[in-house]
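Novice: Input structure: my_file-v3.cif, which contains mmCIF, C-alpha atoms.
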```
data_run
#
loop_
_atom_site.label_atom_id
_atom_site.label_comp_id
_atom_site.auth_asym_id
_atom_site.auth_seq_id
_atom_site.Cartn_x
_atom_site.Cartn_y
_atom_site.Cartn_z
CA ARG A 1 258.62 -106.42 104.37
CA LYS A 2 258.67 -109.76 106.20
CA GLU A 3 256.08 -112.35 105.29
CA VAL A 4 254.94 -112.65 108.89
CA GLU A 5 255.36 -109.95 111.55
CA GLN A 6 254.85 -110.09 115.27
CA ASP A 7 255.44 -107.78 118.20
CA PRO A 8 258.52 -109.30 119.87
CA GLY A 9 257.43 -108.22 123.36
CA PRO A 10 258.23 -109.19 125.99
CA PHE A 11 254.78 -109.15 127.48
CA ASN A 12 255.14 -109.23 131.26
CA VAL A 13 251.84 -110.13 132.93
CA PRO A 14 250.74 -111.35 136.36
CA GLU A 15 249.24 -114.78 136.85
CA GLY A 16 245.56 -114.80 136.03
CA ALA A 17 245.81 -112.00 133.50
CA THR A 18 244.41 -112.10 129.99
CA VAL A 19 246.91 -111.36 127.24
CA ALA A 20 246.53 -111.08 123.48
CA PHE A 21 249.06 -111.31 120.67
CA ASN A 22 248.60 -110.23 117.09
CA CYS A 23 250.40 -111.27 113.97
CA THR A 24 250.14 -109.85 110.46
CA TYR A 25 250.95 -111.62 107.20
CA SER A 26 251.74 -110.16 103.82
CA ASN A 27 250.34 -112.65 101.33
CA SER A 28 246.60 -112.53 100.92
CA ALA A 29 246.69 -115.97 99.29
CA SER A 30 247.90 -117.60 102.50
CA GLN A 31 246.09 -120.82 103.16
CA SER A 32 246.62 -122.00 106.69
CA PHE A 33 247.62 -120.48 109.99
CA PHE A 34 249.05 -121.73 113.23
CA TRP A 35 250.34 -120.71 116.61
CA TYR A 36 253.41 -122.55 117.89
CA ARG A 37 254.98 -122.31 121.28
CA GLN A 38 258.73 -122.41 121.86
CA ASP A 39 260.26 -122.77 125.31
CA CYS A 40 263.77 -121.53 125.96
CA ARG A 41 266.36 -123.70 124.19
CA LYS A 42 263.68 -126.11 122.98
CA GLU A 43 262.03 -126.86 119.67
CA PRO A 44 258.78 -125.22 118.56
CA LYS A 45 255.61 -127.20 119.22
CA LEU A 46 252.15 -126.69 117.81
CA LEU A 47 249.83 -124.85 120.18
CA MET A 48 246.84 -124.65 117.88
CA SER A 49 245.78 -124.29 114.29
CA VAL A 50 243.73 -121.22 113.43
CA TYR A 51 240.47 -121.89 111.64
CA SER A 52 238.60 -119.37 109.50
CA SER A 53 235.76 -119.13 111.98
CA GLY A 54 238.07 -118.83 114.97
CA ASN A 55 238.60 -121.57 117.50
CA GLU A 56 239.11 -122.14 121.18
CA ASP A 57 241.10 -124.69 123.11
CA GLY A 58 240.66 -124.31 126.84
CA ARG A 59 242.13 -120.97 127.87
CA PHE A 60 243.41 -120.25 124.36
CA THR A 61 241.40 -118.59 121.59
CA ALA A 62 242.67 -118.01 118.07
CA GLN A 63 241.08 -115.68 115.52
CA LEU A 64 241.71 -115.07 111.85
CA ASN A 65 240.88 -111.84 110.03
CA ARG A 66 241.50 -112.40 106.33
CA ALA A 67 240.36 -108.92 105.30
CA SER A 68 242.99 -107.28 107.50
CA GLN A 69 245.47 -110.15 107.16
CA TYR A 70 246.08 -110.79 110.79
CA ILE A 71 245.68 -113.58 113.29
CA SER A 72 245.44 -113.29 117.03
CA LEU A 73 245.95 -115.43 120.08
CA LEU A 74 244.17 -114.74 123.35
CA ILE A 75 245.29 -116.41 126.55
CA ARG A 76 242.95 -116.20 129.51
CA ASP A 77 243.82 -116.83 133.16
CA SER A 78 247.57 -116.91 132.45
CA LYS A 79 249.63 -119.54 134.25
CA LEU A 80 253.31 -119.44 135.08
CA SER A 81 253.73 -122.35 132.70
CA ASP A 82 252.47 -120.20 129.81
CA SER A 83 255.78 -118.32 129.87
CA ALA A 84 257.33 -119.00 126.48
CA THR A 85 257.76 -117.51 123.02
CA TYR A 86 254.68 -117.73 120.80
CA LEU A 87 255.33 -118.09 117.10
CA CYS A 88 252.85 -117.16 114.41
CA VAL A 89 253.11 -119.44 111.38
CA VAL A 90 251.55 -119.03 107.95
CA ASN A 91 251.47 -121.50 105.07
CA MET A 92 251.44 -119.57 101.82
CA ASP A 93 251.36 -122.05 98.99
CA ASN A 94 250.77 -125.63 98.02
CA PHE A 95 254.23 -126.86 98.86
CA ASN A 96 254.08 -126.96 102.62
CA LYS A 97 256.13 -123.78 102.79
CA PHE A 98 255.74 -122.32 106.23
CA TYR A 99 256.73 -118.81 107.24
CA PHE A 100 257.42 -118.14 110.88
CA GLY A 101 257.13 -114.86 112.70
CA SER A 102 260.01 -113.90 114.96
CA GLY A 103 257.92 -114.73 118.00
CA THR A 104 256.35 -112.88 120.91
CA LYS A 105 257.85 -113.51 124.30
CA LEU A 106 255.48 -113.91 127.23
CA ASN A 107 256.58 -113.79 130.85
CA VAL A 108 253.92 -114.67 133.42
CA LYS A 109 254.91 -113.50 136.90
CA PRO A 110 253.59 -114.79 140.24
CA ASP B 1 260.08 -143.48 120.61
CA THR B 2 261.33 -140.03 119.61
CA ALA B 3 259.31 -138.71 116.67
CA VAL B 4 261.95 -136.49 115.06
CA SER B 5 265.54 -136.94 116.12
CA GLN B 6 268.66 -135.01 115.19
CA THR B 7 272.32 -135.65 115.77
CA PRO B 8 274.44 -134.15 117.07
CA LYS B 9 272.71 -131.91 119.58
CA TYR B 10 275.76 -129.66 119.89
CA LEU B 11 278.44 -129.04 117.32
CA VAL B 12 281.46 -126.81 117.90
CA THR B 13 283.90 -126.51 115.05
CA GLN B 14 286.47 -124.29 113.41
CA MET B 15 285.87 -122.01 110.47
CA GLY B 16 286.54 -123.73 107.16
CA ASN B 17 285.60 -127.22 108.34
CA ASP B 18 282.93 -129.44 106.77
CA LYS B 19 280.25 -130.92 108.99
CA SER B 20 277.01 -132.90 108.73
CA ILE B 21 273.82 -132.96 110.76
CA LYS B 22 271.51 -135.95 110.57
CA CYS B 23 267.75 -136.09 110.96
CA GLU B 24 265.34 -138.99 111.16
CA GLN B 25 261.59 -139.14 111.64
CA ASN B 26 259.56 -142.22 112.54
CA LEU B 27 256.15 -140.65 111.96
CA GLY B 28 255.73 -141.86 108.40
CA HIS B 29 255.53 -138.27 107.16
CA ASP B 30 256.01 -137.36 103.52
CA THR B 31 257.70 -134.00 103.97
CA MET B 32 260.83 -133.01 105.86
CA TYR B 33 262.42 -129.60 106.40
CA TRP B 34 265.52 -127.84 107.57
CA TYR B 35 265.18 -124.54 109.40
CA LYS B 36 267.80 -122.15 110.73
CA GLN B 37 267.14 -120.15 113.89
CA ASP B 38 269.57 -117.31 114.35
CA SER B 39 270.54 -115.37 117.45
CA LYS B 40 267.45 -113.16 117.08
CA LYS B 41 265.31 -116.32 117.29
CA PHE B 42 264.00 -115.87 113.76
CA LEU B 43 263.16 -119.30 112.31
CA LYS B 44 263.76 -119.43 108.57
CA ILE B 45 263.12 -122.30 106.22
CA MET B 46 266.14 -123.54 104.27
CA PHE B 47 265.02 -126.69 102.47
CA SER B 48 262.05 -128.97 102.16
CA TYR B 49 261.85 -132.48 100.74
CA ASN B 50 258.73 -134.37 99.80
CA ASN B 51 259.18 -138.12 99.34
CA LYS B 52 262.93 -137.65 98.83
CA GLU B 53 262.42 -134.92 96.26
CA LEU B 54 263.62 -131.37 96.87
CA ILE B 55 260.65 -129.00 96.69
CA ILE B 56 261.84 -125.90 98.51
CA ASN B 57 265.30 -124.44 98.29
CA GLU B 58 265.41 -121.00 99.78
CA THR B 59 268.22 -118.56 99.20
CA VAL B 60 270.85 -120.57 101.00
CA PRO B 61 274.56 -120.59 100.11
CA ASN B 62 275.46 -123.62 98.05
CA ARG B 63 277.84 -124.63 100.83
CA PHE B 64 274.70 -126.15 102.35
CA SER B 65 273.65 -129.39 100.70
CA PRO B 66 270.72 -131.47 101.90
CA LYS B 67 270.46 -135.16 101.16
CA SER B 68 267.46 -137.41 101.59
CA PRO B 69 268.37 -141.11 101.24
CA ASP B 70 264.77 -142.08 102.00
CA LYS B 71 261.67 -140.26 103.14
CA ALA B 72 262.45 -140.86 106.81
CA HIS B 73 265.85 -139.18 106.67
CA LEU B 74 267.04 -135.73 105.73
CA ASN B 75 270.65 -134.85 106.35
CA LEU B 76 272.37 -131.49 106.02
CA HIS B 77 275.98 -131.17 104.97
CA ILE B 78 277.77 -127.85 105.33
CA ASN B 79 281.07 -127.13 103.58
CA SER B 80 283.60 -124.47 104.50
CA LEU B 81 281.83 -123.35 107.64
CA GLU B 82 281.73 -119.61 108.35
CA LEU B 83 281.18 -117.64 111.55
CA GLY B 84 277.74 -116.58 110.32
CA ASP B 85 276.64 -120.20 110.14
CA SER B 86 276.47 -120.31 113.93
CA ALA B 87 272.83 -120.90 114.78
CA VAL B 88 270.40 -123.59 115.87
CA TYR B 89 269.34 -125.86 113.02
CA PHE B 90 265.98 -127.57 113.34
CA CYS B 91 264.75 -130.49 111.34
CA ALA B 92 260.98 -130.95 111.05
CA SER B 93 258.48 -133.19 109.32
CA SER B 94 254.83 -133.02 108.39
CA GLN B 95 252.19 -135.09 106.67
CA ASP B 96 250.53 -133.81 103.50
CA LEU B 97 246.88 -133.41 104.31
CA ALA B 98 244.12 -132.05 102.12
CA GLU B 99 242.87 -130.00 105.08
CA ARG B 100 245.91 -127.77 105.26
CA GLN B 101 245.15 -126.33 108.67
CA TYR B 102 246.00 -129.75 110.08
CA ASN B 103 249.48 -129.85 108.52
CA GLU B 104 251.24 -129.78 111.85
CA GLN B 105 255.00 -129.77 111.77
CA PHE B 106 256.92 -131.83 114.29
CA PHE B 107 260.35 -130.50 115.13
CA GLY B 108 263.50 -132.24 116.21
CA PRO B 109 265.33 -130.96 119.33
CA GLY B 110 267.69 -128.83 117.28
CA THR B 111 271.43 -128.83 116.64
CA ARG B 112 273.30 -125.92 118.17
CA LEU B 113 276.17 -125.14 115.80
CA THR B 114 278.97 -122.87 116.95
CA VAL B 115 281.66 -121.91 114.46
CA LEU B 116 284.84 -120.52 116.01
#
```
Transcribe the structure of this file into C-alpha cells.

Specialist:
Amino acid sequence: RKEVEQDPGPFNVPEGATVAFNCTYSNSASQSFFWYRQDCRKEPKLLMSVYSSGNEDGRFTAQLNRASQYISLLIRDSKLSDSATYLCVVNMDNFNKFYFGSGTKLNVKP
Amino acid sequence: DTAVSQTPKYLVTQMGNDKSIKCEQNLGHDTMYWYKQDSKKFLKIMFSYNNKELIINETVPNRFSPKSPDKAHLNLHINSLELGDSAVYFCASSQDLAERQYNEQFFGPGTRLTVL
C-alpha cells in the first residue's frame, strides 16, 4: 500500500463549479500535511498547509481528519487558472521526509 | 534571484554514460532533497541532506550518488545510466521549523533526463 493515495482524476469541471479532492495516508503518526500544485512541465509549489482544525485561503479550504486518515481540498468558484495537478503531501517523521501522492488532475473548462 | 536552481534543465544521453545534475539554493535552508518524478507523475524522494549530512537515503541504486559540498548545494551524480533512469529530477530545499506544518519545500525547475 502506498503511503499517500489520491484519485488521479481527471476532474473535468466548468468554471464556477465547486470541486473536492480527497487524499488518504497510511501512517497514523504523520505529523504535517500539505497540498501542492503542479502545472504541466513545472515544479510543484505549495498551495497550502493543512492545519488540524482545518483552514481556508480564499477559495480554497483544506480539512484534516486524523481518525480516518484523510485530508481534503475544496475549491470553490473554479477558475480556468486552477487547472493543474494537485499533490497531497504528508510528512511522516522527524527527518523532513515527505511523501507525495501521485496527484489529482483538475481541468476547468470555460 | 532564483530560489532553487538546477542545471542542466534538459539532459539527453546514451545508456552507460555518467552524468551529473547540480542544485543550488539561496534561501539559507538547512535541508535539501532530490526527488524523481517518473512518467506516471509520481514524485518519490531519493535523498535528503541536512547541513551537508545525509539523513534520508531511500531505496535507490548505488549508481546514484549525492554530494553536498556545503549546505547551499546538493549535486547528484549518476553512473552507468539506464533506460529506466529517464525521468524528471527535482531538487528541493526546506527550513527546519519547530512548527512542522510550515516546513514548506521549494522546488527547482527540474532536470528532464532522457536516456537513449

Novice: Run through the PyMOL selection byres ((chain A) within 7 of (chain B)) on the given coordinates and return the selected residues as JSON, numbers by chain.

Specialist: {"A": [32, 33, 42, 43, 44, 45, 46, 49, 100, 102]}

Novice: Have a look at CA of Lys36 in chain B and CA of Val4 in chain B and let me know their distance in Å, one decimal.

Specialist: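 Going from CA of Lys36 in chain B over to CA of Val4 in chain B, I get 16.1 Å.
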
Novice: If you apply the PyMOL selection byres ((chain A and resi 91) around 8) to this file, what residues do you get, as a list in words?

Specialist: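 With the shown file as input, the PyMOL selection byres ((chain A and resi 91) around 8) matches Ser30, Gln31, Ser32, Phe33, Val89, Val90, Met92, Asp93, Asn96, Lys97, Phe98 and Tyr99 of chain A.
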
Novice: For Glu15 in chain A, which residue among A:Ile75, A:Ala62, A:Leu87, A:Val50 is the nearest when counting only C-alpha atoms?

Specialist: A:Ile75

Novice: Restricting the calculation to all atoms listed in the file: of B:Met46, B:Leu116, B:Val60, B:Ala72, which residue gets closest to Gln6 in chain B?

Specialist: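 Once distances to Gln6 in chain B are computed over all atoms listed in the file, the minimum belongs to B:Ala72.
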
Novice: Between CA of Leu54 in chain B and CA of Ser20 in chain B, what is the distance, to one decimal in Å?

Specialist: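 Atom-to-atom, CA of Leu54 in chain B to CA of Ser20 in chain B, that is 18.0 Å.
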
Novice: Need to verify the contact set: Cys88 in chain A, 8 Å, all atoms listed in the file, exclusion of same-chain residues closer than 4 positions in sequence. Can you return it as a PyMOL selection string?

Specialist: chain A and resi 4+6+23+33-36+100-103

Novice: Using CA of Gly9 in chain A and CA of Phe60 in chain A as the two end points, give the distance in Å to one decimal.

Specialist: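 Separation of CA of Gly9 in chain A and CA of Phe60 in chain A: 18.5 Å.
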
Novice: With the file shown as input, list the residues that the PyMOL selection byres ((chain A and resi 63) around 10) selects, as a PyMOL selection string.

Specialist: chain A and resi 22+33+49-56+61-62+64-66+70-74

Novice: Compile the contact shell of Glu82 in chain B as a VMD selection string: residues with an atom at most 10 Å away, counting all atoms listed in the file, same-chain residues fewer than 2 positions apart removed.

Specialist: chain B and resid 13 to 17 63 78 to 80 84 to 86 114 to 116

Novice: Which is closer to Asp82 in chain A than all the others in A:Ala67, A:Val19, A:Ala29, A:Met48, using only C-alpha atoms?

Specialist: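 Counting only C-alpha atoms, the residue closest to Asp82 in chain A is A:Val19.
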
Novice: Put a box with edges along x, y and z around all the listed atoms of range 22-34 of chain B, pad it by 6 Å on each side, then give me its centre and sizes in Å, one decimal, as AutoDock Vina command-line options.

Specialist:
```
--center_x 263.5 --center_y -135.0 --center_z 108.0 --size_x 28.0 --size_y 26.4 --size_z 21.0
```

Novice: Looking at only C-alpha atoms, which of A:Arg41, A:Phe21, A:Arg76, A:Pro10 is the one that sits closest to Gly58 in chain A?

Specialist: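 Selected residue with least distance to Gly58 in chain A: A:Arg76.
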
Novice: Would you fill out range 71-82 of chain B with all heavy atoms and return it as a PDB file, keeping the file's coordinate frame?

Specialist:
```
ATOM      1  N   LYS B  71     262.566-141.319 102.670  1.00  0.00           N
ATOM      2  CA  LYS B  71     261.670-140.260 103.140  1.00  0.00           C
ATOM      3  C   LYS B  71     261.679-140.097 104.658  1.00  0.00           C
ATOM      4  O   LYS B  71     261.116-139.153 105.179  1.00  0.00           O
ATOM      5  CB  LYS B  71     260.256-140.438 102.598  1.00  0.00           C
ATOM      6  CG  LYS B  71     259.419-141.495 103.261  1.00  0.00           C
ATOM      7  CD  LYS B  71     257.986-141.377 102.727  1.00  0.00           C
ATOM      8  CE  LYS B  71     257.028-142.113 103.644  1.00  0.00           C
ATOM      9  NZ  LYS B  71     255.632-141.935 103.216  1.00  0.00           N
ATOM     10  N   ALA B  72     262.352-141.001 105.358  1.00  0.00           N
ATOM     11  CA  ALA B  72     262.450-140.860 106.810  1.00  0.00           C
ATOM     12  C   ALA B  72     263.696-140.126 107.263  1.00  0.00           C
ATOM     13  O   ALA B  72     263.859-139.839 108.446  1.00  0.00           O
ATOM     14  CB  ALA B  72     262.419-142.252 107.462  1.00  0.00           C
ATOM     15  N   HIS B  73     264.577-139.812 106.324  1.00  0.00           N
ATOM     16  CA  HIS B  73     265.850-139.180 106.670  1.00  0.00           C
ATOM     17  C   HIS B  73     266.106-137.956 105.809  1.00  0.00           C
ATOM     18  O   HIS B  73     265.866-137.982 104.591  1.00  0.00           O
ATOM     19  CB  HIS B  73     267.018-140.167 106.474  1.00  0.00           C
ATOM     20  CG  HIS B  73     266.982-141.341 107.397  1.00  0.00           C
ATOM     21  ND1 HIS B  73     266.239-142.474 107.114  1.00  0.00           N
ATOM     22  CD2 HIS B  73     267.577-141.550 108.608  1.00  0.00           C
ATOM     23  CE1 HIS B  73     266.388-143.333 108.106  1.00  0.00           C
ATOM     24  NE2 HIS B  73     267.191-142.807 109.023  1.00  0.00           N
ATOM     25  N   LEU B  74     266.604-136.923 106.451  1.00  0.00           N
ATOM     26  CA  LEU B  74     267.040-135.730 105.730  1.00  0.00           C
ATOM     27  C   LEU B  74     268.266-135.183 106.440  1.00  0.00           C
ATOM     28  O   LEU B  74     268.189-134.738 107.576  1.00  0.00           O
ATOM     29  CB  LEU B  74     265.940-134.656 105.684  1.00  0.00           C
ATOM     30  CG  LEU B  74     266.300-133.372 104.933  1.00  0.00           C
ATOM     31  CD1 LEU B  74     266.616-133.665 103.468  1.00  0.00           C
ATOM     32  CD2 LEU B  74     265.171-132.349 105.033  1.00  0.00           C
ATOM     33  N   ASN B  75     269.393-135.288 105.762  1.00  0.00           N
ATOM     34  CA  ASN B  75     270.650-134.850 106.350  1.00  0.00           C
ATOM     35  C   ASN B  75     271.083-133.524 105.747  1.00  0.00           C
ATOM     36  O   ASN B  75     270.667-133.160 104.641  1.00  0.00           O
ATOM     37  CB  ASN B  75     271.732-135.917 106.122  1.00  0.00           C
ATOM     38  CG  ASN B  75     271.306-137.264 106.681  1.00  0.00           C
ATOM     39  OD1 ASN B  75     270.667-137.341 107.730  1.00  0.00           O
ATOM     40  ND2 ASN B  75     271.643-138.340 105.973  1.00  0.00           N
ATOM     41  N   LEU B  76     271.896-132.803 106.484  1.00  0.00           N
ATOM     42  CA  LEU B  76     272.370-131.490 106.020  1.00  0.00           C
ATOM     43  C   LEU B  76     273.888-131.467 106.125  1.00  0.00           C
ATOM     44  O   LEU B  76     274.441-131.654 107.206  1.00  0.00           O
ATOM     45  CB  LEU B  76     271.774-130.375 106.886  1.00  0.00           C
ATOM     46  CG  LEU B  76     272.106-128.939 106.474  1.00  0.00           C
ATOM     47  CD1 LEU B  76     271.508-128.624 105.110  1.00  0.00           C
ATOM     48  CD2 LEU B  76     271.592-127.954 107.524  1.00  0.00           C
ATOM     49  N   HIS B  77     274.526-131.263 104.989  1.00  0.00           N
ATOM     50  CA  HIS B  77     275.980-131.170 104.970  1.00  0.00           C
ATOM     51  C   HIS B  77     276.372-129.717 104.712  1.00  0.00           C
ATOM     52  O   HIS B  77     275.783-129.071 103.849  1.00  0.00           O
ATOM     53  CB  HIS B  77     276.569-132.076 103.887  1.00  0.00           C
ATOM     54  CG  HIS B  77     278.052-132.143 103.945  1.00  0.00           C
ATOM     55  ND1 HIS B  77     278.736-132.881 104.895  1.00  0.00           N
ATOM     56  CD2 HIS B  77     278.999-131.527 103.187  1.00  0.00           C
ATOM     57  CE1 HIS B  77     280.043-132.731 104.709  1.00  0.00           C
ATOM     58  NE2 HIS B  77     280.234-131.929 103.695  1.00  0.00           N
ATOM     59  N   ILE B  78     277.330-129.239 105.481  1.00  0.00           N
ATOM     60  CA  ILE B  78     277.770-127.850 105.330  1.00  0.00           C
ATOM     61  C   ILE B  78     279.270-127.843 105.066  1.00  0.00           C
ATOM     62  O   ILE B  78     280.057-128.370 105.857  1.00  0.00           O
ATOM     63  CB  ILE B  78     277.474-127.019 106.597  1.00  0.00           C
ATOM     64  CG1 ILE B  78     276.061-127.288 107.132  1.00  0.00           C
ATOM     65  CG2 ILE B  78     277.641-125.519 106.287  1.00  0.00           C
ATOM     66  CD1 ILE B  78     275.780-126.685 108.496  1.00  0.00           C
ATOM     67  N   ASN B  79     279.645-127.255 103.946  1.00  0.00           N
ATOM     68  CA  ASN B  79     281.070-127.130 103.580  1.00  0.00           C
ATOM     69  C   ASN B  79     281.603-125.776 104.005  1.00  0.00           C
ATOM     70  O   ASN B  79     280.867-124.785 104.070  1.00  0.00           O
ATOM     71  CB  ASN B  79     281.240-127.253 102.064  1.00  0.00           C
ATOM     72  CG  ASN B  79     281.021-128.662 101.567  1.00  0.00           C
ATOM     73  OD1 ASN B  79     281.319-129.623 102.283  1.00  0.00           O
ATOM     74  ND2 ASN B  79     280.494-128.793 100.377  1.00  0.00           N
ATOM     75  N   SER B  80     282.892-125.744 104.257  1.00  0.00           N
ATOM     76  CA  SER B  80     283.600-124.470 104.500  1.00  0.00           C
ATOM     77  C   SER B  80     282.849-123.574 105.473  1.00  0.00           C
ATOM     78  O   SER B  80     282.458-122.441 105.144  1.00  0.00           O
ATOM     79  CB  SER B  80     283.799-123.721 103.169  1.00  0.00           C
ATOM     80  OG  SER B  80     284.486-124.511 102.249  1.00  0.00           O
ATOM     81  N   LEU B  81     282.629-124.067 106.651  1.00  0.00           N
ATOM     82  CA  LEU B  81     281.830-123.350 107.640  1.00  0.00           C
ATOM     83  C   LEU B  81     282.359-121.946 107.898  1.00  0.00           C
ATOM     84  O   LEU B  81     283.574-121.712 107.946  1.00  0.00           O
ATOM     85  CB  LEU B  81     281.797-124.150 108.947  1.00  0.00           C
ATOM     86  CG  LEU B  81     280.743-125.262 108.918  1.00  0.00           C
ATOM     87  CD1 LEU B  81     281.094-126.383 109.875  1.00  0.00           C
ATOM     88  CD2 LEU B  81     279.379-124.690 109.237  1.00  0.00           C
ATOM     89  N   GLU B  82     281.411-121.010 108.074  1.00  0.00           N
ATOM     90  CA  GLU B  82     281.730-119.610 108.350  1.00  0.00           C
ATOM     91  C   GLU B  82     281.137-119.219 109.700  1.00  0.00           C
ATOM     92  O   GLU B  82     280.212-119.865 110.191  1.00  0.00           O
ATOM     93  CB  GLU B  82     281.144-118.723 107.247  1.00  0.00           C
ATOM     94  CG  GLU B  82     281.696-119.033 105.864  1.00  0.00           C
ATOM     95  CD  GLU B  82     281.055-118.180 104.782  1.00  0.00           C
ATOM     96  OE1 GLU B  82     280.140-117.385 105.090  1.00  0.00           O
ATOM     97  OE2 GLU B  82     281.478-118.322 103.605  1.00  0.00           O
TER      98      GLU B  82
END
```
